[in-house]
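Trainee: Provided herewith: protein24.txt, compact mmCIF, C-alpha atoms and all ligand atoms.
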# COMPACT_ATOMS: atom_id res chain seq x y z
CA MET A 15 0.00 0.00 0.00
CA THR A 16 1.33 3.39 -0.82
CA LEU A 17 0.42 6.70 0.65
CA PRO A 18 -0.71 9.21 -1.93
CA MET A 19 1.77 11.80 -0.64
CA SER A 20 4.69 12.10 1.65
CA PRO A 21 4.04 14.40 4.61
CA THR A 22 6.19 17.11 2.99
CA MET A 23 4.12 17.04 -0.18
CA GLU A 24 1.01 17.01 1.88
CA HIS A 25 1.79 20.41 3.28
CA TYR A 26 2.55 21.76 -0.15
CA ASN A 27 -0.45 20.22 -1.80
CA SER A 28 -2.93 21.41 0.74
CA ILE A 29 -2.44 24.84 -0.74
CA SER A 30 -1.07 24.14 -4.19
CA GLY A 31 -4.46 24.41 -5.87
CA ARG A 32 -4.32 28.13 -5.33
CA MET A 33 -0.68 28.73 -5.89
CA GLN A 34 -0.81 29.11 -9.65
CA SER A 35 -3.32 31.88 -9.58
CA TYR A 36 -0.65 34.18 -8.20
CA CYS A 37 2.37 33.06 -10.02
CA GLU A 38 2.55 31.89 -13.64
CA PRO A 39 4.25 29.75 -14.69
CA SER A 40 3.75 27.52 -11.72
CA ILE A 41 6.59 26.86 -9.37
CA GLY A 42 7.41 23.71 -7.53
CA PRO A 43 7.48 23.65 -3.80
CA SER A 44 11.21 23.37 -3.58
CA ILE A 45 12.32 25.71 -6.36
CA VAL A 46 11.34 29.14 -5.20
CA THR A 47 14.06 31.08 -7.01
CA LEU A 48 14.92 34.65 -6.17
CA PRO A 49 13.44 36.37 -9.27
CA ARG A 50 10.21 34.46 -8.82
CA LEU A 51 10.13 35.34 -5.17
CA LEU A 52 10.26 38.98 -6.19
CA TRP A 53 7.77 38.89 -9.08
CA CYS A 54 4.97 37.12 -7.36
CA GLU A 55 2.53 38.78 -5.06
CA ALA A 56 2.30 35.65 -2.98
CA VAL A 57 4.61 32.69 -3.07
CA TYR A 58 4.00 29.38 -1.45
CA TYR A 59 6.98 27.48 -0.18
CA ASP A 60 7.85 24.51 1.93
CA ALA A 61 8.99 25.53 5.35
CA SER A 62 12.30 23.82 4.68
CA THR A 63 13.16 25.29 1.26
CA THR A 64 14.10 28.91 1.77
CA MET A 65 15.92 28.78 5.05
CA SER A 66 19.36 30.16 5.19
CA GLU A 67 22.01 27.76 4.08
CA ALA A 68 23.39 27.47 7.59
CA VAL A 69 20.12 26.39 9.08
CA ARG A 70 19.50 24.15 6.13
CA THR A 71 22.79 22.36 6.57
CA MET A 72 22.04 21.88 10.21
CA MET A 73 18.68 20.40 9.43
CA ARG A 74 19.63 18.44 6.35
CA MET A 75 20.46 15.23 8.09
CA ASP A 76 17.23 15.23 10.02
CA ALA A 77 15.17 16.19 7.01
CA GLU A 78 16.77 13.59 4.80
CA ALA A 79 16.22 10.95 7.40
CA ALA A 80 12.62 12.03 7.79
CA GLN A 81 12.03 12.11 4.05
CA GLU A 82 13.59 8.74 3.58
CA SER A 83 11.50 7.16 6.25
CA ALA A 84 8.41 8.92 4.93
CA THR A 85 8.80 7.39 1.51
CA GLN A 86 9.89 4.03 2.83
CA ALA A 87 7.36 3.67 5.57
CA ASP A 88 3.79 3.78 4.40
CA ALA A 89 1.66 5.19 7.17
CA GLY A 90 -1.12 2.82 6.12
CA PHE A 91 -4.00 5.24 6.65
CA LEU A 92 -7.28 5.06 4.78
CA TRP A 93 -8.16 8.51 3.53
CA ASP A 94 -11.52 9.68 2.22
CA PHE A 95 -13.56 8.47 5.15
CA TRP A 96 -15.25 10.05 8.16
CA TYR A 97 -13.41 9.73 11.46
CA PRO A 98 -14.55 10.83 14.91
CA ALA A 99 -12.25 13.65 16.05
CA VAL A 100 -13.58 14.74 19.44
CA ARG A 101 -16.73 14.45 21.54
CA SER A 102 -19.37 17.06 20.70
CA ALA A 103 -19.51 18.18 24.32
CA GLU A 104 -15.88 19.27 24.20
CA ILE A 105 -16.66 22.06 21.77
CA SER A 106 -18.57 24.93 23.23
CA GLY A 107 -18.56 28.72 23.21
CA GLN A 108 -15.60 30.40 21.59
CA LYS A 109 -13.23 27.59 22.46
CA LEU A 110 -10.80 26.28 19.84
CA VAL A 111 -10.06 22.61 20.39
CA THR A 112 -7.19 20.69 18.85
CA ALA A 113 -7.19 17.10 17.62
CA MET A 114 -5.09 14.96 15.35
CA LEU A 115 -6.40 12.53 12.74
CA LEU A 116 -4.16 10.57 10.38
CA GLU A 117 -1.24 12.76 11.47
CA VAL A 118 -3.09 15.89 10.39
CA PRO A 119 -3.29 18.52 13.15
CA LEU A 120 -6.78 19.96 13.35
CA VAL A 121 -8.42 22.84 15.11
CA LEU A 122 -12.12 22.49 15.76
CA GLY A 123 -14.70 24.89 17.04
CA ARG A 124 -18.33 25.92 16.86
CA THR A 125 -19.64 29.04 15.14
CA SER A 126 -22.02 31.33 16.97
CA GLU A 127 -24.80 29.54 15.04
CA GLY A 128 -23.74 26.25 16.60
CA LYS A 129 -22.20 24.69 13.50
CA VAL A 130 -19.01 22.73 14.08
CA PHE A 131 -15.99 23.27 11.84
CA ALA A 132 -12.59 21.67 11.37
CA MET A 133 -9.57 23.44 9.93
CA ARG A 134 -6.01 22.34 9.55
CA ASP A 135 -4.28 23.67 12.62
CA SER A 136 -1.79 25.66 10.63
CA CYS A 137 -1.93 29.20 9.33
CA PRO A 138 -1.22 29.27 5.58
CA HIS A 139 0.97 32.35 6.12
CA ARG A 140 3.70 31.10 8.45
CA GLY A 141 2.31 27.84 9.75
CA ILE A 142 1.65 28.83 13.33
CA PRO A 143 -1.22 26.76 14.75
CA LEU A 144 -4.49 28.58 14.28
CA SER A 145 -5.55 27.17 17.63
CA TYR A 146 -3.37 29.88 19.25
CA GLY A 147 -5.62 32.43 17.62
CA ARG A 148 -9.16 33.27 18.50
CA LEU A 149 -12.63 32.47 17.30
CA ASP A 150 -15.02 35.28 16.90
CA GLY A 151 -18.47 34.09 15.83
CA LYS A 152 -17.57 32.45 12.56
CA VAL A 153 -14.10 33.82 11.92
CA VAL A 154 -10.79 32.41 13.13
CA GLU A 155 -8.09 35.01 13.58
CA CYS A 156 -4.44 34.01 13.53
CA CYS A 157 -2.47 35.18 16.57
CA TYR A 158 0.64 36.11 14.57
CA HIS A 159 -0.34 38.69 11.93
CA GLY A 160 -4.07 38.67 12.42
CA TRP A 161 -5.14 37.08 9.13
CA ARG A 162 -8.80 36.24 9.41
CA PHE A 163 -10.39 33.08 7.99
CA ASP A 164 -13.97 31.97 7.55
CA ALA A 165 -14.15 29.03 9.96
CA CYS A 166 -16.40 26.86 7.79
CA SER A 167 -14.73 27.36 4.39
CA GLY A 168 -11.21 28.28 5.46
CA GLN A 169 -11.35 31.25 3.08
CA CYS A 170 -9.20 34.21 4.00
CA LEU A 171 -11.33 37.29 4.67
CA GLU A 172 -8.78 39.84 5.73
CA ILE A 173 -5.03 40.48 5.87
CA PRO A 174 -4.57 43.44 8.17
CA SER A 175 -1.12 44.35 6.83
CA LEU A 176 -2.30 45.01 3.24
CA SER A 177 -2.27 48.60 2.12
CA SER A 178 -4.47 50.22 -0.50
CA GLN A 179 -1.64 49.60 -3.01
CA ASP A 180 -1.66 45.83 -2.60
CA LYS A 181 -3.32 43.76 -5.29
CA LEU A 182 -3.22 40.46 -3.47
CA LYS A 183 -6.52 38.65 -3.84
CA VAL A 184 -7.17 37.76 -0.25
CA GLU A 185 -10.22 35.67 -1.07
CA ARG A 186 -8.09 33.24 -3.05
CA ILE A 187 -6.12 32.23 0.02
CA PHE A 188 -7.51 29.33 2.02
CA ALA A 189 -6.57 27.70 5.26
CA GLY A 190 -6.93 23.90 5.10
CA HIS A 191 -10.42 22.86 6.10
CA TYR A 192 -12.38 19.63 6.25
CA PRO A 193 -16.05 18.65 6.14
CA CYS A 194 -17.27 18.30 9.68
CA GLU A 195 -20.52 16.99 11.21
CA GLU A 196 -21.93 15.93 14.53
CA ARG A 197 -23.48 12.51 15.03
CA ASP A 198 -24.07 10.30 18.07
CA GLY A 199 -22.19 12.69 20.35
CA TYR A 200 -19.05 12.94 18.20
CA VAL A 201 -17.67 15.55 15.87
CA TRP A 202 -16.75 13.66 12.71
CA VAL A 203 -14.27 14.95 10.18
CA TYR A 204 -14.08 13.77 6.59
CA MET A 205 -10.38 13.28 5.92
CA ASN A 206 -9.90 13.62 2.19
CA ALA A 207 -6.49 12.58 0.98
CA PRO A 208 -3.84 15.30 1.04
CA GLY A 209 -3.67 17.18 -2.23
CA THR A 210 -7.01 15.90 -3.50
CA LYS A 211 -10.24 17.75 -4.06
CA LEU A 212 -13.33 16.74 -2.13
CA PRO A 213 -15.58 14.38 -4.07
CA GLU A 214 -18.84 15.83 -5.41
CA THR A 215 -20.82 13.79 -2.94
CA ILE A 216 -19.52 12.81 0.44
CA PRO A 217 -20.99 9.69 2.03
CA ALA A 218 -23.21 10.12 5.09
CA VAL A 219 -21.59 10.14 8.51
CA PRO A 220 -21.91 6.67 10.11
CA ALA A 221 -24.88 6.55 12.49
CA LEU A 222 -25.48 4.21 15.39
CA THR A 223 -28.49 1.95 14.78
CA VAL A 224 -31.22 2.30 17.42
CA PHE A 225 -34.56 0.52 17.65
CA SER A 226 -36.75 2.75 19.79
CA ASP A 227 -37.26 6.44 20.49
CA LYS A 228 -36.20 6.21 24.09
CA TYR A 229 -32.87 4.74 25.03
CA LYS A 230 -29.80 5.20 27.14
CA ILE A 231 -26.53 6.10 25.48
CA THR A 232 -22.98 6.32 26.72
CA HIS A 233 -19.49 6.85 25.35
CA LEU A 234 -16.10 5.51 26.33
CA SER A 235 -12.72 5.93 24.74
CA CYS A 236 -9.12 4.93 25.20
CA GLU A 237 -5.86 5.43 23.39
CA LEU A 238 -3.70 2.58 22.20
CA PRO A 239 0.01 3.11 21.54
CA SER A 240 -0.13 1.21 18.28
CA HIS A 241 -0.74 1.47 14.59
CA VAL A 242 -4.42 1.51 13.66
CA ASP A 243 -4.06 -1.92 12.00
CA GLN A 244 -3.02 -3.51 15.30
CA GLY A 245 -5.90 -1.74 17.03
CA ILE A 246 -8.38 -3.03 14.48
CA ILE A 247 -7.24 -6.62 14.37
CA GLY A 248 -7.21 -6.56 18.17
CA LEU A 249 -10.82 -5.41 18.08
CA MET A 250 -11.97 -8.23 15.80
CA ASP A 251 -9.79 -10.91 17.36
CA PRO A 252 -12.01 -13.68 18.77
CA ALA A 253 -9.26 -15.62 20.52
CA HIS A 254 -8.08 -13.17 23.19
CA GLY A 255 -11.36 -13.11 25.13
CA PRO A 256 -10.70 -15.96 27.58
CA PHE A 257 -7.21 -14.62 28.35
CA VAL A 258 -7.53 -10.84 28.29
CA HIS A 259 -11.14 -10.44 29.40
CA GLN A 260 -11.29 -12.88 32.25
CA SER A 261 -13.56 -11.54 34.96
CA TRP A 262 -16.38 -12.78 37.11
CA PHE A 263 -18.96 -10.79 35.16
CA TRP A 264 -17.87 -11.81 31.71
CA ARG A 265 -16.18 -15.17 31.57
CA LYS A 266 -13.56 -17.46 33.00
CA ARG A 267 -10.56 -18.91 31.29
CA GLY A 268 -11.90 -22.44 31.81
CA SER A 269 -15.02 -21.61 29.82
CA ILE A 270 -13.07 -21.83 26.57
CA HIS A 271 -14.80 -24.07 24.05
CA GLU A 272 -15.04 -24.66 20.34
CA LYS A 273 -17.20 -22.32 18.30
CA ALA A 274 -18.35 -22.22 14.73
CA LYS A 275 -19.54 -18.86 13.41
CA GLN A 276 -20.88 -18.01 10.02
CA PHE A 277 -19.55 -14.95 8.22
CA GLU A 278 -20.80 -13.28 5.09
CA PRO A 279 -19.45 -10.49 2.89
CA ILE A 280 -21.08 -7.05 3.09
CA PRO A 281 -20.01 -3.91 1.19
CA ASN A 282 -16.54 -2.86 2.39
CA GLY A 283 -16.61 -5.43 5.18
CA PHE A 284 -17.95 -8.64 6.63
CA ARG A 285 -20.67 -9.75 8.98
CA MET A 286 -20.81 -12.41 11.62
CA SER A 287 -24.27 -13.61 10.64
CA PRO A 288 -27.05 -13.30 13.22
CA HIS A 289 -26.52 -16.01 15.82
CA SER A 290 -27.13 -16.76 19.48
CA PRO A 291 -24.24 -15.32 21.43
CA SER A 292 -21.87 -17.36 23.51
CA THR A 293 -23.67 -19.10 26.35
CA ASN A 294 -20.68 -18.63 28.61
CA SER A 295 -21.16 -14.86 28.87
CA ALA A 296 -23.22 -13.83 31.89
CA PRO A 297 -24.90 -10.69 30.42
CA TYR A 298 -26.42 -12.63 27.53
CA GLN A 299 -27.73 -15.30 29.88
CA LEU A 300 -29.36 -12.61 32.00
CA LEU A 301 -31.00 -10.99 28.98
CA LYS A 302 -32.42 -14.32 27.86
CA LYS A 303 -33.80 -14.99 31.32
CA ILE A 304 -35.51 -11.62 31.52
CA THR A 305 -37.17 -11.62 28.11
CA GLY A 306 -37.71 -15.35 27.89
CA GLU A 307 -36.79 -15.04 24.23
CA PRO A 308 -33.65 -16.01 22.38
CA VAL A 309 -30.90 -13.45 22.02
CA THR A 310 -29.47 -12.80 18.58
CA THR A 311 -26.27 -10.97 17.88
CA THR A 312 -25.06 -9.50 14.62
CA ILE A 313 -21.54 -8.16 14.38
CA ASP A 314 -20.30 -6.19 11.39
CA PHE A 315 -16.92 -4.86 10.49
CA VAL A 316 -16.82 -2.16 7.83
CA LEU A 317 -13.87 -0.19 6.49
CA PRO A 318 -12.18 1.93 7.48
CA ASN A 319 -12.56 1.13 11.17
CA LEU A 320 -16.09 0.37 12.32
CA ARG A 321 -17.19 -2.60 14.37
CA THR A 322 -20.87 -2.62 15.21
CA GLU A 323 -22.75 -5.11 17.32
CA ILE A 324 -26.49 -5.43 17.68
CA ASP A 325 -28.03 -7.70 20.31
CA GLN A 326 -31.75 -8.23 20.31
CA SER A 327 -34.11 -10.28 22.42
CA GLY A 328 -37.82 -9.66 22.04
CA LYS A 329 -38.30 -5.90 22.35
CA MET A 330 -35.04 -5.46 24.19
CA TRP A 331 -32.04 -4.27 22.27
CA PHE A 332 -28.46 -3.23 22.73
CA SER A 333 -26.46 -1.54 19.97
CA SER A 334 -22.82 -0.57 20.08
CA ARG A 335 -20.11 0.71 17.81
CA ALA A 336 -16.40 0.80 18.26
CA THR A 337 -14.19 2.74 15.90
CA VAL A 338 -10.42 2.59 15.91
CA THR A 339 -9.14 5.89 14.60
CA PRO A 340 -5.57 6.56 13.52
CA VAL A 341 -4.15 9.55 15.34
CA ARG A 342 -0.54 9.02 14.31
CA ARG A 343 1.12 5.95 12.85
CA ASP A 344 2.08 4.92 16.37
CA LEU A 345 -1.12 5.93 18.13
CA CYS A 346 -4.77 5.13 17.66
CA ARG A 347 -7.90 5.64 19.71
CA ILE A 348 -10.92 3.46 20.35
CA ASP A 349 -14.17 5.39 20.54
CA PHE A 350 -16.94 3.22 21.88
CA VAL A 351 -20.58 4.24 21.94
CA ALA A 352 -23.43 2.05 23.16
CA ALA A 353 -27.18 2.57 23.28
CA TRP A 354 -29.84 0.28 24.76
CA ASN A 355 -33.36 0.06 26.10
CA LEU A 356 -32.61 -2.60 28.73
CA PHE A 357 -34.42 -1.17 31.77
CA PHE A 358 -32.26 -3.22 34.15
CA LEU A 359 -28.98 -1.80 32.92
CA PRO A 360 -28.11 1.62 34.35
CA VAL A 361 -25.53 3.70 32.49
CA SER A 362 -23.26 3.82 35.56
CA ILE A 363 -23.09 0.02 35.85
CA PHE A 364 -22.47 -0.40 32.16
CA ARG A 365 -19.71 2.19 32.23
CA MET A 366 -18.05 0.46 35.14
CA PHE A 367 -17.89 -2.84 33.24
CA GLY A 368 -17.11 -1.17 29.93
CA LYS A 369 -14.12 0.62 31.42
CA VAL A 370 -12.74 -2.63 32.83
CA PHE A 371 -13.11 -4.21 29.41
CA LEU A 372 -11.41 -1.38 27.54
CA ARG A 373 -8.69 -1.14 30.13
CA GLN A 374 -7.93 -4.84 29.66
CA ASP A 375 -7.55 -4.31 25.92
CA GLN A 376 -5.50 -1.17 26.46
CA GLU A 377 -3.09 -2.85 28.87
CA THR A 378 -2.59 -5.69 26.42
CA MET A 379 -1.89 -3.28 23.57
CA ILE A 380 0.59 -1.35 25.72
CA GLN A 381 2.41 -4.61 26.37
CA GLN A 382 2.23 -5.57 22.71
CA ALA A 383 3.70 -2.20 21.67
CA GLU A 384 6.73 -3.05 23.78
CA GLY A 385 7.32 -6.10 21.62
CA LEU A 386 6.48 -4.42 18.32
CA LYS A 387 9.22 -1.82 18.87
CA HIS A 388 11.70 -4.46 17.77
CA SER A 389 9.88 -5.18 14.48
CA PRO A 390 9.30 -8.89 15.05
CA ARG A 391 7.85 -11.15 12.38
CA LEU A 392 4.19 -11.81 13.10
CA MET A 393 1.68 -14.50 12.21
CA LEU A 394 -1.96 -14.67 11.20
CA ILE A 395 -3.40 -18.15 11.65
CA ASP A 396 -6.59 -19.83 10.47
CA ASP A 397 -9.38 -19.62 11.49
CA ALA A 398 -9.02 -17.35 14.52
CA ASP A 399 -7.10 -14.73 12.53
CA ARG A 400 -9.13 -15.01 9.35
CA PRO A 401 -11.09 -11.81 10.14
CA ALA A 402 -7.74 -10.01 10.41
CA LYS A 403 -6.73 -11.42 7.03
CA TRP A 404 -10.01 -10.18 5.55
CA TYR A 405 -9.37 -6.75 7.01
CA PHE A 406 -5.95 -6.49 5.39
CA ALA A 407 -7.32 -7.81 2.09
CA LEU A 408 -10.28 -5.41 2.16
CA LYS A 409 -7.94 -2.53 2.77
CA ALA A 410 -5.53 -3.53 0.01
CA ASN A 411 -8.37 -4.17 -2.45
CA LEU A 412 -9.99 -0.84 -1.67
CA LEU A 413 -6.74 1.00 -2.33
CA GLU A 414 -6.24 -0.97 -5.51
CA SER A 415 -9.72 -0.16 -6.75
CA ARG A 416 -9.19 3.51 -5.99
CA ARG A 417 -5.90 3.37 -7.88
CA THR A 418 -7.27 1.64 -10.96
CA GLY A 419 -10.84 2.89 -10.91
CA ALA A 420 -12.02 -0.73 -11.24
CA PRO A 421 -14.71 -2.04 -8.88
CA MET A 422 -13.39 -3.26 -5.56
CA VAL A 423 -12.88 -7.01 -5.34
CA HIS A 424 -14.25 -8.47 -2.12
CA PRO A 425 -11.84 -10.94 -0.53
CA MET A 426 -14.69 -13.31 0.44
CA ASP A 427 -16.40 -15.51 -2.18
CA GLY A 428 -19.53 -15.88 -0.11
CA PRO A 429 -20.71 -17.05 3.29
CA THR A 430 -18.18 -19.11 5.15
CA THR A 431 -17.93 -20.78 8.54
CA LEU A 432 -14.96 -20.15 10.81
CA ARG A 433 -14.08 -22.38 13.73
CA TRP A 434 -11.99 -21.53 16.74
CA ARG A 435 -11.85 -22.14 20.45
CA SER A 436 -12.53 -19.22 22.75
S1 LIG B 501 1.25 33.32 10.60
FE1 LIG B 501 -0.86 33.52 10.64
S2 LIG B 501 -1.17 35.52 10.01
FE2 LIG B 501 0.95 35.28 9.81
FE FE B 502 -10.81 -7.17 23.66
Kindly return the structure encoded in the file as structure tokens.
Mentor:
Amino acid sequence: MTLPMSPTMEHYNSISGRMQSYCEPSIGPSIVTLPRLLWCEAVYYDASTTMSEAVRTMMRMDAEAAQESATQADAGFLWDFWYPAVRSAEISGQKLVTAMLLEVPLVLGRTSEGKVFAMRDSCPHRGIPLSYGRLDGKVVECCYHGWRFDACSGQCLEIPSLSSQDKLKVERIFAGHYPCEERDGYVWVYMNAPGTKLPETIPAVPALTVFSDKYKITHLSCELPSHVDQGIIGLMDPAHGPFVHQSWFWRKRGSIHEKAKQFEPIPNGFRMSPHSPSTNSAPYQLLKKITGEPVTTTIDFVLPNLRTEIDQSGKMWFSSRATVTPVRRDLCRIDFVAAWNLFFLPVSIFRMFGKVFLRQDQETMIQQAEGLKHSPRLMLIDDADRPAKWYFALKANLLESRRTGAPMVHPMDGPTTLRWRS
């Protein structure tokens, strides 16, 4: 898998669409020559290209090393999808909130009309984070030279230093900005690939499935010090349960037994077909006792990072979604949201158990990161790791189909049964 751009190009390309309007013929990011610098009203340059030679020499080794590793090491992110950036409740008033998604620094806020926005946390003038500036209704003002940007479009509205003689077309300057929407208590940001234009139509933000008007809802999250791929295959891994999630309320190690589960392909993912959940898990037994009806569970995984689970028994239902979002290549975050109408399950009790569960996964991933530092060779075995294999194949096939324009090939031929002990 190859990243569309190296991080250096990414910076350049986020603004390159507008560069040519000031300076014909176009100039490359690293060849800002002196005459051009003088002719053009506005010149875009990479932060590293016009430094004094002395500074450049000092930084060369670092930069070369960074560039080399950037081209060699594919960050393995899936662009052109919605990702949850922060919780909705974190953004209020005039506050500017920072977040990072796919190694892109973001600044988020809410206009005076209540609409959320997400900009790249970098002023297009000198790169200072816009989050050091201030939000005034629907305008973000940079703290350095006071350039003012429309928060929702990123368009520059004002450059205070311009005199009446200046011909610079302020409105053609844009700060990086991303589509941004609220859903299920999160602010989602559509991360289009660096240097690309937004598609004509953007898919809808993923929504949690609910089955009644009234329900309880809660959110949990935790960071994992690992690449998103490790986070995701950890999330779909059926074999760690009896070892990592041993507890009186969930299950004991001795309860391990053979299972056969049917899976089927769905667009961009796969489904564990509706089935009766494991009889060795206490909560499911309780639900069955209360309703007197069988419990069915359906678990889906869909690219880029969504695992949803729906449990139903009679009129009772429980619906949850976990997303594993890449923050950096060495850090990801699980955002877990659950909703239910089970009258006997208070939010506080669920959160208590949910936190234990997530903490168990987090501790394991922290330990795993220790081992992964030394780049060991790893294994994926059948059938317990088959979902992980599907994930990698789905990801590769999606990238391939985007590259060639051909329809995406699904790695599964059709329904299939996997067997493992857990
Ligand atoms: S760095 Fe933002 S206005 Fe100059
Ligand atoms: Fe787990």
Trainee: Could you list, with a cut-off of 8 Å and counting all atoms listed in the file, the residues of chain A near ligand LIG 501 (chain B), each shown with its nearest atom pair and the distance in Å rounded to one decimal, rows sorted by chain and ascending number, as a tab-separated table?
Mentor:
residue	atom	partner	partner_atom	distance
A:Ser136	CA	B:LIG501	FE1	7.9
A:Cys137	CA	B:LIG501	FE1	4.6
A:Pro138	CA	B:LIG501	FE1	6.6
A:His139	CA	B:LIG501	S1	4.6
A:Arg140	CA	B:LIG501	S1	3.9
A:Gly141	CA	B:LIG501	S1	5.6
A:Ile142	CA	B:LIG501	S1	5.3
A:Pro143	CA	B:LIG501	FE1	7.9
A:Leu144	CA	B:LIG501	FE1	7.1
A:Glu155	CA	B:LIG501	S2	7.8
A:Cys156	CA	B:LIG501	FE1	4.6
A:Cys157	CA	B:LIG501	FE1	6.4
A:Tyr158	CA	B:LIG501	FE2	4.8
A:His159	CA	B:LIG501	S2	3.8
A:Gly160	CA	B:LIG501	S2	4.9
A:Trp161	CA	B:LIG501	S2	4.4
A:Arg162	CA	B:LIG501	S2	7.7
A:Ile173	CA	B:LIG501	S2	7.5
Trainee: Pull the closest atom pair for each residue of chain A that gets at most 10 Å from ligand FE 502 (chain B), along with the distance in Å to one decimal, counting only C-alpha atoms and all ligand atoms, ordering rows by chain and then ascending residue number, as a Markdown table.
Mentor:
| residue | atom | partner | partner_atom | distance |
| --- | --- | --- | --- | --- |
| A:Gly245 | CA | B:FE502 | FE | 9.9 |
| A:Ile247 | CA | B:FE502 | FE | 10.0 |
| A:Gly248 | CA | B:FE502 | FE | 6.6 |
| A:Leu249 | CA | B:FE502 | FE | 5.9 |
| A:Met250 | CA | B:FE502 | FE | 8.0 |
| A:Asp251 | CA | B:FE502 | FE | 7.4 |
| A:Pro252 | CA | B:FE502 | FE | 8.2 |
| A:Ala253 | CA | B:FE502 | FE | 9.1 |
| A:His254 | CA | B:FE502 | FE | 6.6 |
| A:Gly255 | CA | B:FE502 | FE | 6.1 |
| A:Pro256 | CA | B:FE502 | FE | 9.6 |
| A:Phe257 | CA | B:FE502 | FE | 9.5 |
| A:Val258 | CA | B:FE502 | FE | 6.8 |
| A:His259 | CA | B:FE502 | FE | 6.6 |
| A:Phe371 | CA | B:FE502 | FE | 6.9 |
| A:Leu372 | CA | B:FE502 | FE | 7.0 |
| A:Arg373 | CA | B:FE502 | FE | 9.1 |
| A:Gln374 | CA | B:FE502 | FE | 7.1 |
| A:Asp375 | CA | B:FE502 | FE | 4.9 |
| A:Gln376 | CA | B:FE502 | FE | 8.5 |
| A:Thr378 | CA | B:FE502 | FE | 8.8 |
| A:Met379 | CA | B:FE502 | FE | 9.7 |
Trainee: Between CA of Gln276 in chain A and CA of Ile246 in chain A, what is the spacing in Å?
Mentor: 20.0 Å
Trainee: So which residues touch Pro401 in chain A within 10 Å, counting all atoms listed in the file, skipping near sequence neighbours fewer than 3 positions away, as a list in words?
Mentor: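 Close residues of Pro401 in chain A: Ile247, Met250, Asp251, Pro252, Phe277, Gly283, Phe284, Arg285, Met286, Phe315, Leu394, Asp396, Asp397, Ala398, Trp404, Tyr405, Phe406, Ala407 and Leu432 of chain A.
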Trainee: When distances are computed from all atoms listed in the file, which of A:Ser389, A:Ser226, A:Asn282, A:Thr337 shows the smallest separation from Pro425 in chain A?
Mentor: A:Asn282
Trainee: Could you tell me which of A:Lys129, A:Lys152, A:Arg186, A:His191 comes closest to Ile105 in chain A if we count all atoms listed in the file?
Mentor: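 Checking each candidate against Ile105 in chain A, we get A:Lys129 as the closest.
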Trainee: Would you work out the distance separating CA of Met133 in chain A from CA of Pro119 in chain A, expressed in Å to one decimal?
Mentor: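 Between CA of Met133 in chain A and CA of Pro119 in chain A the gap works out to 8.6 Å.
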Trainee: How close does each residue of range 144-238 of chain A get to range 359-366 of chain A, giving the shortest atom pair and distance in Å to one decimal for every residue with an atom at most 10 Å away, counting only C-alpha atoms, sorted by chain and residue number, as a tab-separated table?
Mentor:
residue	atom	partner	partner_atom	distance
A:Lys230	CA	A:Val361	CA	7.0
A:Ile231	CA	A:Val361	CA	7.5
A:Thr232	CA	A:Val361	CA	6.8
A:His233	CA	A:Arg365	CA	8.3
A:Leu234	CA	A:Arg365	CA	7.7
Trainee: Just to confirm, what's the straight-line distance from CA of Val100 in chain A to CA of Lys387 in chain A in Å (one decimal)?
Mentor: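 That distance, rounded to one decimal, is 28.2 Å.
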Trainee: Find the residue from A:Tyr97, A:Cys166, A:Gln326, A:Leu171 that sits nearest to Gly128 in chain A; use all atoms listed in the file when measuring.
Mentor: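 Closest to Gly128 in chain A, using all atoms listed in the file: A:Cys166.
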Trainee: Looking at only C-alpha atoms, which of A:Val242, A:Ser436, A:Leu182, A:Thr125 is the one that sits closest to Ala89 in chain A?
Mentor: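 Closest to Ala89 in chain A, using only C-alpha atoms: A:Val242.
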Trainee: So that I can see what lies close to Arg197 in chain A, please list as JSON, numbers by chain the residues with an atom at most 10 Å from it, counting all atoms listed in the file and leaving out residues fewer than 2 positions away in the same chain.
Mentor: {"A": [98, 101, 102, 195, 199, 200, 201, 202, 219, 220, 221, 222]}
Trainee: Put those residues in a file: C-alpha atoms, as a short mmCIF file (atom, residue, chain, number, x, y, z; two decimals), in the coordinates of the input.
Mentor:
data_model
loop_
_atom_site.label_atom_id
_atom_site.label_comp_id
_atom_site.auth_asym_id
_atom_site.auth_seq_id
_atom_site.Cartn_x
_atom_site.Cartn_y
_atom_site.Cartn_z
CA PRO A 98 -14.55 10.83 14.91
CA ARG A 101 -16.73 14.45 21.54
CA SER A 102 -19.37 17.06 20.70
CA GLU A 195 -20.52 16.99 11.21
CA GLY A 199 -22.19 12.69 20.35
CA TYR A 200 -19.05 12.94 18.20
CA VAL A 201 -17.67 15.55 15.87
CA TRP A 202 -16.75 13.66 12.71
CA VAL A 219 -21.59 10.14 8.51
CA PRO A 220 -21.91 6.67 10.11
CA ALA A 221 -24.88 6.55 12.49
CA LEU A 222 -25.48 4.21 15.39
#
Trainee: Out of A:Val338, A:Ala296, A:Ala189, A:Leu92, which residue has the shortest atom-to-atom distance to Ser235 in chain A when counting all atoms listed in the file?
Mentor: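 The closest residue to Ser235 in chain A is A:Val338.
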Trainee: Would you pick out the contacts of Pro291 in chain A at 12 Å or less, using all atoms listed in the file, so that residues sharing its chain but fewer than 3 positions from it are not included, and give the list as a list in words?
Mentor: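 The residues satisfying every condition are Lys273, Ala274, Lys275, Met286, Ser287, Pro288, Asn294, Ser295, Ala296, Pro297, Tyr298, Gln299, Leu301, Lys302, Pro308, Val309, Thr310, Thr311, Thr312, Ile313, Glu323, Ile324, Asp325, Gln326 and Ser327 of chain A.
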Trainee: Would you pick out the contacts of Phe225 in chain A at 10 Å or less, using all atoms listed in the file, so that residues sharing its chain but fewer than 5 positions from it are not included, and give the list as a list in words?
Mentor: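 My list of contacting residues is Gln326, Lys329, Met330, Trp331, Phe332, Ser333, Ala353, Trp354 and Asn355 of chain A.
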